Amino acid sequence: MRSALLAIAVIGCGGGSSEVDEYKRKSMETEARVQLNKLSKLARVVHTEKGAYPIGSTGLTPNKPCCQYADKRCPPSADAWNTDVWAAFDFVVDEPHRFQYSYESKDGQTFTATAVGDVACAGTPKTFTITGKTGPAGAEVDISQIR
C-alpha cells in the first residue's frame with residue numbers, strides 16, 4: 001500500500017510524466033486501431049459480397065487535420081464521409097476524433113487505408129496503415145501495421 005501511495009505522489013509531483021504522457025498517447029492512438037480494424041472487417045464483407053474492393057480514392061477525411069480545430073479533435077460531420085467509397089463500406093466516424101482516414105484502390109483487387117493523426121498536436125503526425133488484396137481464398141487484409 002505504501003509503494004502505491006508513493007507512486008501516486010511521484011506522478012502527482014511531475015515525476016514519471018514521460019510514462020504518463022506515453023500512456024495517454026497510446027490510449028488516444030487506440031482510436032486509429034479500432035477504426036482501421038472496423039474498416040478491415042467491412043472490406044472483407046464488401047469483397048465477399050461484390051467480389052472486389054471498392055475502386056476509388058478518398059483523400060484524407062476529414063480534409064482538415066484534427067489539431068486545427070478548437071478542441072484538437074475533428075468534429076463529427078456526415079458530409080465529410082459522404083463519398084461513394086465510404087458509402088460502399090458504410091463507414092463513418094460519427095463522434096469527435098483525432099485521426100483523418102483515407103482509402104485507395106485502383107483495381108478493386110488491392111487497397112490501402114490509413115489513419116493519420118497527431119494526438120499530442122506537436123507537429124509529428126503518426127500514420128497507421130492496413131492493406132488488402134484478393135488472394136486464393138478471397139479477401140486478405142493485413143492489419144499488422146496497426147498494432
# chains A, B, ... in the order shown; residues from 1 in each chain; ligands from 1

$ residues_around --residues "segment 133-145 of chain A" --least-positions-apart "4" --cutoff "9 Å" --atoms "only C-alpha atoms" --output "list in words"
Arg33, Leu36, Asn37, Ser40, Lys41, Ala43, Arg44, Val45, His47, Thr48, Gly51, Ala52, Tyr53, Gly108, Gln109, Thr110, Phe111, Phe128 and Thr129 of chain A

$ select_by_dssp --residues "segment 13-118 of chain A" --states "helix (DSSP H, G or I)" --output "PyMOL selection string"
chain A and resi 17-50+66-68+78-81+84-89

$ residues_around --residues "Ala32 of chain A" --least-positions-apart "3" --cutoff "9 Å" --atoms "only C-alpha atoms" --output "PyMOL selection string"
chain A and resi 28-29+35-37+98-101+114-117+127-128+146

$ atom_distance --atom1 "atom CA of Ser105 of chain A" --atom2 "atom CA of Thr131 of chain A"
9.9 Å

$ select_by_dssp --residues "chain A" --states "strand (DSSP E or B)" --output "number ranges by chain"
A: 56-57, 61, 74, 97, 100-105, 110-117, 126-135, 138-142

$ closest_residue --among "A:Phe91, A:Pro125, A:Lys64, A:Ala113" --to "Leu42 of chain A" --atoms "only C-alpha atoms"
A:Phe91

$ closest_residue --among "A:Phe89, A:Ser27, A:Glu19, A:Thr83" --to "Ser57 of chain A" --atoms "only C-alpha atoms"
A:Thr83

$ residues_around --residues "Pro76 of chain A" --least-positions-apart "5" --cutoff "10 Å" --atoms "only C-alpha atoms" --output "VMD selection string"
chain A and resid 62 81 92 to 97

$ closest_residue --among "A:Lys106, A:Asn63, A:Lys126, A:Ser18" --to "Ser77 of chain A" --atoms "only C-alpha atoms"
A:Asn63

$ closest_residue --among "A:Leu39, A:Ala78, A:Ala120, A:Asp107" --to "Gly56 of chain A" --atoms "only C-alpha atoms"
A:Asp107

$ residues_around --residues "Lys72 of chain A" --least-positions-apart "5" --cutoff "8 Å" --atoms "only C-alpha atoms" --output "count of residues only"
4
